[in-house]
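The structure file target30.csv is reproduced below (CSV, N, CA and C atoms).
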```csv
chain,number,residue,atom,x,y,z
A,1,MET,N,0.3,-66.5,55.4
A,1,MET,CA,1.2,-67.0,54.3
A,1,MET,C,1.9,-65.8,53.7
A,2,SER,N,3.2,-65.8,53.5
A,2,SER,CA,3.9,-64.7,52.9
A,2,SER,C,4.1,-64.9,51.4
A,3,HIS,N,3.9,-63.8,50.7
A,3,HIS,CA,4.1,-63.8,49.3
A,3,HIS,C,5.3,-63.0,48.9
A,4,GLY,N,6.3,-62.9,49.7
A,4,GLY,CA,7.5,-62.2,49.5
A,4,GLY,C,7.4,-60.7,49.8
A,5,PRO,N,8.5,-60.0,49.6
A,5,PRO,CA,8.5,-58.6,50.0
A,5,PRO,C,7.4,-57.8,49.1
A,6,VAL,N,6.8,-56.8,49.8
A,6,VAL,CA,5.9,-55.9,49.2
A,6,VAL,C,6.7,-54.8,48.6
A,7,GLU,N,6.5,-54.5,47.3
A,7,GLU,CA,7.3,-53.4,46.7
A,7,GLU,C,6.4,-52.2,46.7
A,8,LYS,N,6.9,-51.1,47.2
A,8,LYS,CA,6.2,-49.9,47.3
A,8,LYS,C,6.9,-48.9,46.3
A,9,ASP,N,6.1,-48.1,45.7
A,9,ASP,CA,6.6,-47.1,44.7
A,9,ASP,C,7.5,-46.1,45.5
A,10,PRO,N,8.7,-45.9,45.0
A,10,PRO,CA,9.6,-45.0,45.7
A,10,PRO,C,9.0,-43.6,46.0
A,11,ASP,N,8.1,-43.2,45.2
A,11,ASP,CA,7.5,-41.9,45.4
A,11,ASP,C,6.7,-41.9,46.7
A,12,GLU,N,6.3,-43.0,47.2
A,12,GLU,CA,5.5,-43.2,48.4
A,12,GLU,C,6.3,-43.4,49.6
A,13,TRP,N,7.6,-43.6,49.5
A,13,TRP,CA,8.4,-43.8,50.7
A,13,TRP,C,8.5,-42.6,51.6
A,14,THR,N,8.3,-42.8,52.9
A,14,THR,CA,8.4,-41.7,53.8
A,14,THR,C,9.8,-41.1,53.9
A,15,THR,N,10.8,-41.9,53.5
A,15,THR,CA,12.2,-41.4,53.6
A,15,THR,C,12.8,-41.3,52.2
A,16,GLY,N,11.9,-41.3,51.2
A,16,GLY,CA,12.4,-41.2,49.8
A,16,GLY,C,13.2,-40.0,49.4
A,17,ASP,N,12.9,-38.9,50.1
A,17,ASP,CA,13.6,-37.6,49.8
A,17,ASP,C,15.0,-37.5,50.5
A,18,GLU,N,15.3,-38.5,51.4
A,18,GLU,CA,16.6,-38.4,52.1
A,18,GLU,C,17.7,-38.8,51.1
A,19,PRO,N,18.9,-38.5,51.4
A,19,PRO,CA,20.0,-38.8,50.4
A,19,PRO,C,20.1,-40.4,50.3
A,20,MET,N,20.6,-40.8,49.1
A,20,MET,CA,20.7,-42.2,48.9
A,20,MET,C,21.7,-42.8,50.0
A,21,THR,N,21.5,-44.1,50.2
A,21,THR,CA,22.3,-44.8,51.2
A,21,THR,C,23.7,-45.2,50.6
A,22,GLY,N,24.6,-45.5,51.4
A,22,GLY,CA,25.9,-46.0,51.0
A,22,GLY,C,25.8,-47.2,50.1
A,23,PRO,N,25.0,-48.2,50.5
A,23,PRO,CA,24.9,-49.4,49.6
A,23,PRO,C,24.2,-49.1,48.3
A,24,GLN,N,23.3,-48.2,48.3
A,24,GLN,CA,22.7,-47.8,47.0
A,24,GLN,C,23.7,-47.1,46.1
A,25,GLU,N,24.5,-46.2,46.7
A,25,GLU,CA,25.5,-45.5,45.9
A,25,GLU,C,26.5,-46.5,45.3
A,26,SER,N,27.0,-47.4,46.1
A,26,SER,CA,28.0,-48.4,45.7
A,26,SER,C,27.4,-49.3,44.6
A,27,TYR,N,26.2,-49.8,44.7
A,27,TYR,CA,25.6,-50.6,43.7
A,27,TYR,C,25.3,-49.9,42.4
A,28,LEU,N,24.9,-48.6,42.6
A,28,LEU,CA,24.7,-47.8,41.4
A,28,LEU,C,26.0,-47.6,40.6
A,29,HIS,N,27.1,-47.4,41.3
A,29,HIS,CA,28.3,-47.2,40.5
A,29,HIS,C,28.7,-48.5,39.8
A,30,THR,N,28.5,-49.7,40.5
A,30,THR,CA,28.8,-50.9,39.9
A,30,THR,C,28.0,-51.1,38.6
A,31,LEU,N,26.6,-50.9,38.7
A,31,LEU,CA,25.8,-51.1,37.6
A,31,LEU,C,26.1,-50.1,36.5
A,32,ALA,N,26.3,-48.8,36.8
A,32,ALA,CA,26.6,-47.8,35.8
A,32,ALA,C,27.9,-48.1,35.1
A,33,ARG,N,28.9,-48.6,35.7
A,33,ARG,CA,30.1,-49.0,35.1
A,33,ARG,C,29.9,-50.1,34.1
A,34,GLU,N,29.0,-51.1,34.4
A,34,GLU,CA,28.7,-52.2,33.6
A,34,GLU,C,28.0,-51.8,32.3
A,35,VAL,N,27.1,-50.7,32.4
A,35,VAL,CA,26.3,-50.3,31.2
A,35,VAL,C,26.9,-49.0,30.6
A,36,GLY,N,28.0,-48.5,31.1
A,36,GLY,CA,28.6,-47.4,30.5
A,36,GLY,C,27.9,-46.1,30.7
A,37,ARG,N,27.4,-45.9,31.9
A,37,ARG,CA,26.6,-44.7,32.3
A,37,ARG,C,27.3,-44.0,33.5
A,38,GLU,N,27.0,-42.8,33.7
A,38,GLU,CA,27.5,-42.0,34.8
A,38,GLU,C,26.4,-41.9,35.9
A,39,VAL,N,26.8,-41.8,37.1
A,39,VAL,CA,25.8,-41.7,38.2
A,39,VAL,C,25.8,-40.2,38.6
A,40,PRO,N,24.6,-39.5,38.5
A,40,PRO,CA,24.6,-38.1,38.9
A,40,PRO,C,24.7,-38.0,40.4
A,41,GLY,N,25.3,-36.9,40.8
A,41,GLY,CA,25.4,-36.7,42.3
A,41,GLY,C,24.1,-36.2,42.9
A,42,GLY,N,24.1,-36.3,44.2
A,42,GLY,CA,23.0,-35.7,45.0
A,42,GLY,C,21.6,-36.4,44.8
A,43,LEU,N,21.6,-37.7,44.5
A,43,LEU,CA,20.4,-38.4,44.3
A,43,LEU,C,19.7,-38.7,45.7
A,44,SER,N,18.4,-38.7,45.7
A,44,SER,CA,17.7,-39.1,46.9
A,44,SER,C,17.5,-40.7,46.9
A,45,LYS,N,17.1,-41.2,48.0
A,45,LYS,CA,16.8,-42.7,48.0
A,45,LYS,C,15.9,-43.1,46.9
A,46,ALA,N,14.8,-42.4,46.8
A,46,ALA,CA,13.8,-42.8,45.7
A,46,ALA,C,14.4,-42.7,44.3
A,47,GLU,N,15.2,-41.6,44.0
A,47,GLU,CA,15.8,-41.4,42.7
A,47,GLU,C,16.8,-42.5,42.5
A,48,ALA,N,17.6,-42.9,43.5
A,48,ALA,CA,18.6,-43.9,43.4
A,48,ALA,C,17.9,-45.2,43.1
A,49,SER,N,16.8,-45.5,43.8
A,49,SER,CA,16.1,-46.8,43.5
A,49,SER,C,15.6,-46.9,42.1
A,50,ARG,N,15.0,-45.8,41.6
A,50,ARG,CA,14.5,-45.8,40.2
A,50,ARG,C,15.7,-46.0,39.2
A,51,LEU,N,16.8,-45.4,39.5
A,51,LEU,CA,17.9,-45.5,38.6
A,51,LEU,C,18.5,-46.9,38.7
A,52,ILE,N,18.5,-47.5,39.8
A,52,ILE,CA,19.0,-48.9,40.0
A,52,ILE,C,18.1,-49.8,39.1
A,53,ASP,N,16.8,-49.6,39.2
A,53,ASP,CA,15.9,-50.4,38.4
A,53,ASP,C,16.2,-50.3,36.9
A,54,GLU,N,16.4,-49.0,36.5
A,54,GLU,CA,16.7,-48.8,35.1
A,54,GLU,C,18.0,-49.4,34.7
A,55,LEU,N,19.0,-49.3,35.5
A,55,LEU,CA,20.3,-49.8,35.1
A,55,LEU,C,20.3,-51.4,35.1
A,56,GLN,N,19.5,-51.9,36.0
A,56,GLN,CA,19.4,-53.4,36.1
A,56,GLN,C,18.8,-53.9,34.8
A,57,GLU,N,17.8,-53.2,34.3
A,57,GLU,CA,17.2,-53.6,33.0
A,57,GLU,C,18.2,-53.6,31.9
A,58,ASN,N,19.3,-52.8,32.0
A,58,ASN,CA,20.3,-52.7,30.9
A,58,ASN,C,21.5,-53.5,31.1
A,59,SER,N,21.6,-54.2,32.3
A,59,SER,CA,22.8,-54.9,32.6
A,59,SER,C,22.8,-56.3,31.9
A,60,GLU,N,23.7,-56.5,31.1
A,60,GLU,CA,23.8,-57.8,30.4
A,60,GLU,C,24.1,-58.9,31.4
A,61,ARG,N,24.9,-58.6,32.4
A,61,ARG,CA,25.2,-59.7,33.4
A,61,ARG,C,23.9,-60.1,34.1
A,62,LEU,N,23.1,-59.2,34.5
A,62,LEU,CA,21.9,-59.6,35.2
A,62,LEU,C,20.8,-60.2,34.3
A,63,ARG,N,20.8,-59.7,33.1
A,63,ARG,CA,19.8,-60.4,32.1
A,63,ARG,C,20.3,-61.8,31.8
A,64,ALA,N,21.6,-62.0,31.7
A,64,ALA,CA,22.1,-63.3,31.4
A,64,ALA,C,21.9,-64.3,32.5
A,65,SER,N,22.0,-63.8,33.8
A,65,SER,CA,21.8,-64.7,34.9
A,65,SER,C,20.3,-64.9,35.2
A,66,GLY,N,19.4,-64.1,34.7
A,66,GLY,CA,18.0,-64.2,34.9
A,66,GLY,C,17.6,-63.8,36.3
A,67,SER,N,18.5,-63.1,37.0
A,67,SER,CA,18.1,-62.7,38.4
A,67,SER,C,18.5,-61.2,38.6
A,68,ARG,N,17.7,-60.6,39.5
A,68,ARG,CA,18.0,-59.2,39.9
A,68,ARG,C,18.0,-59.2,41.4
A,69,PRO,N,18.9,-58.6,42.1
A,69,PRO,CA,18.9,-58.5,43.5
A,69,PRO,C,17.7,-57.7,44.0
A,70,GLU,N,17.1,-58.0,45.1
A,70,GLU,CA,15.9,-57.3,45.6
A,70,GLU,C,16.4,-56.5,46.8
A,71,GLY,N,15.5,-55.6,47.2
A,71,GLY,CA,15.8,-54.8,48.4
A,71,GLY,C,16.7,-53.7,48.2
A,72,THR,N,16.7,-53.1,47.0
A,72,THR,CA,17.6,-52.0,46.7
A,72,THR,C,17.1,-50.7,47.3
A,73,GLY,N,15.8,-50.6,47.7
A,73,GLY,CA,15.3,-49.4,48.2
A,73,GLY,C,15.0,-49.4,49.6
```
Using structure tokens, write down the structure from this file.
Amino acid sequence: MSHGPVEKDPDEWTTGDEPMTGPQESYLHTLAREVGREVPGGLSKAEASRLIDELQENSERLRASGSRPEGTG
């Protein structure tokens, strides 16, 4: 029986120190624009994932809809 995706701490990802992916970067810029923040350059996959989580918490659009996309990492 499946209980949904298992979330692993980004610090434990074997590829967490690699550069963020294109989809992560695109989503980060969308979220950052919504909350009035800048996206720092040179983020790793793990850093991007943590920032996505932080920005999602501050997104009025996502809070209003009651949902957050999964699989950002």
Legend entry - Residues within 12 Å of Asn58 in chain A, only C-alpha atoms, excluding chain neighbours under 4 positions, as a PyMOL selection string: chain A and resi 31-37+51-54+62-64+68
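Interatomic distance, CA of Gly16 in chain A against CA of Leu28 in chain A: 16.3 Å.
Residue nearest Glu25 in chain A within the list A:Leu55, A:Asp9, A:Glu60, A:Ala48: A:Ala48 [criterion: smallest interatomic distance, only N, CA and C atoms].
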Legend entry - d(CA of Ala46 in chain A, atom C of His29 in chain A) in Å: 17.0 Å
Legend entry - Å distance separating atom N of Glu57 in chain A from atom N of Met20 in chain A, one decimal place: 19.5 Å
Legend entry - Closest of A:Val39, A:Gln56, A:Ser44, A:Ser65 to Thr15 in chain A - atom-to-atom distances counting all atoms listed in the file: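 Selected residue with least distance to Thr15 in chain A: A:Ser44.
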Legend entry - Residue set, range 8-61 of chain A restricted to helix (DSSP H, G or I), as a ChimeraX atom specification: /A:10-12,22-35,45-58,60-61
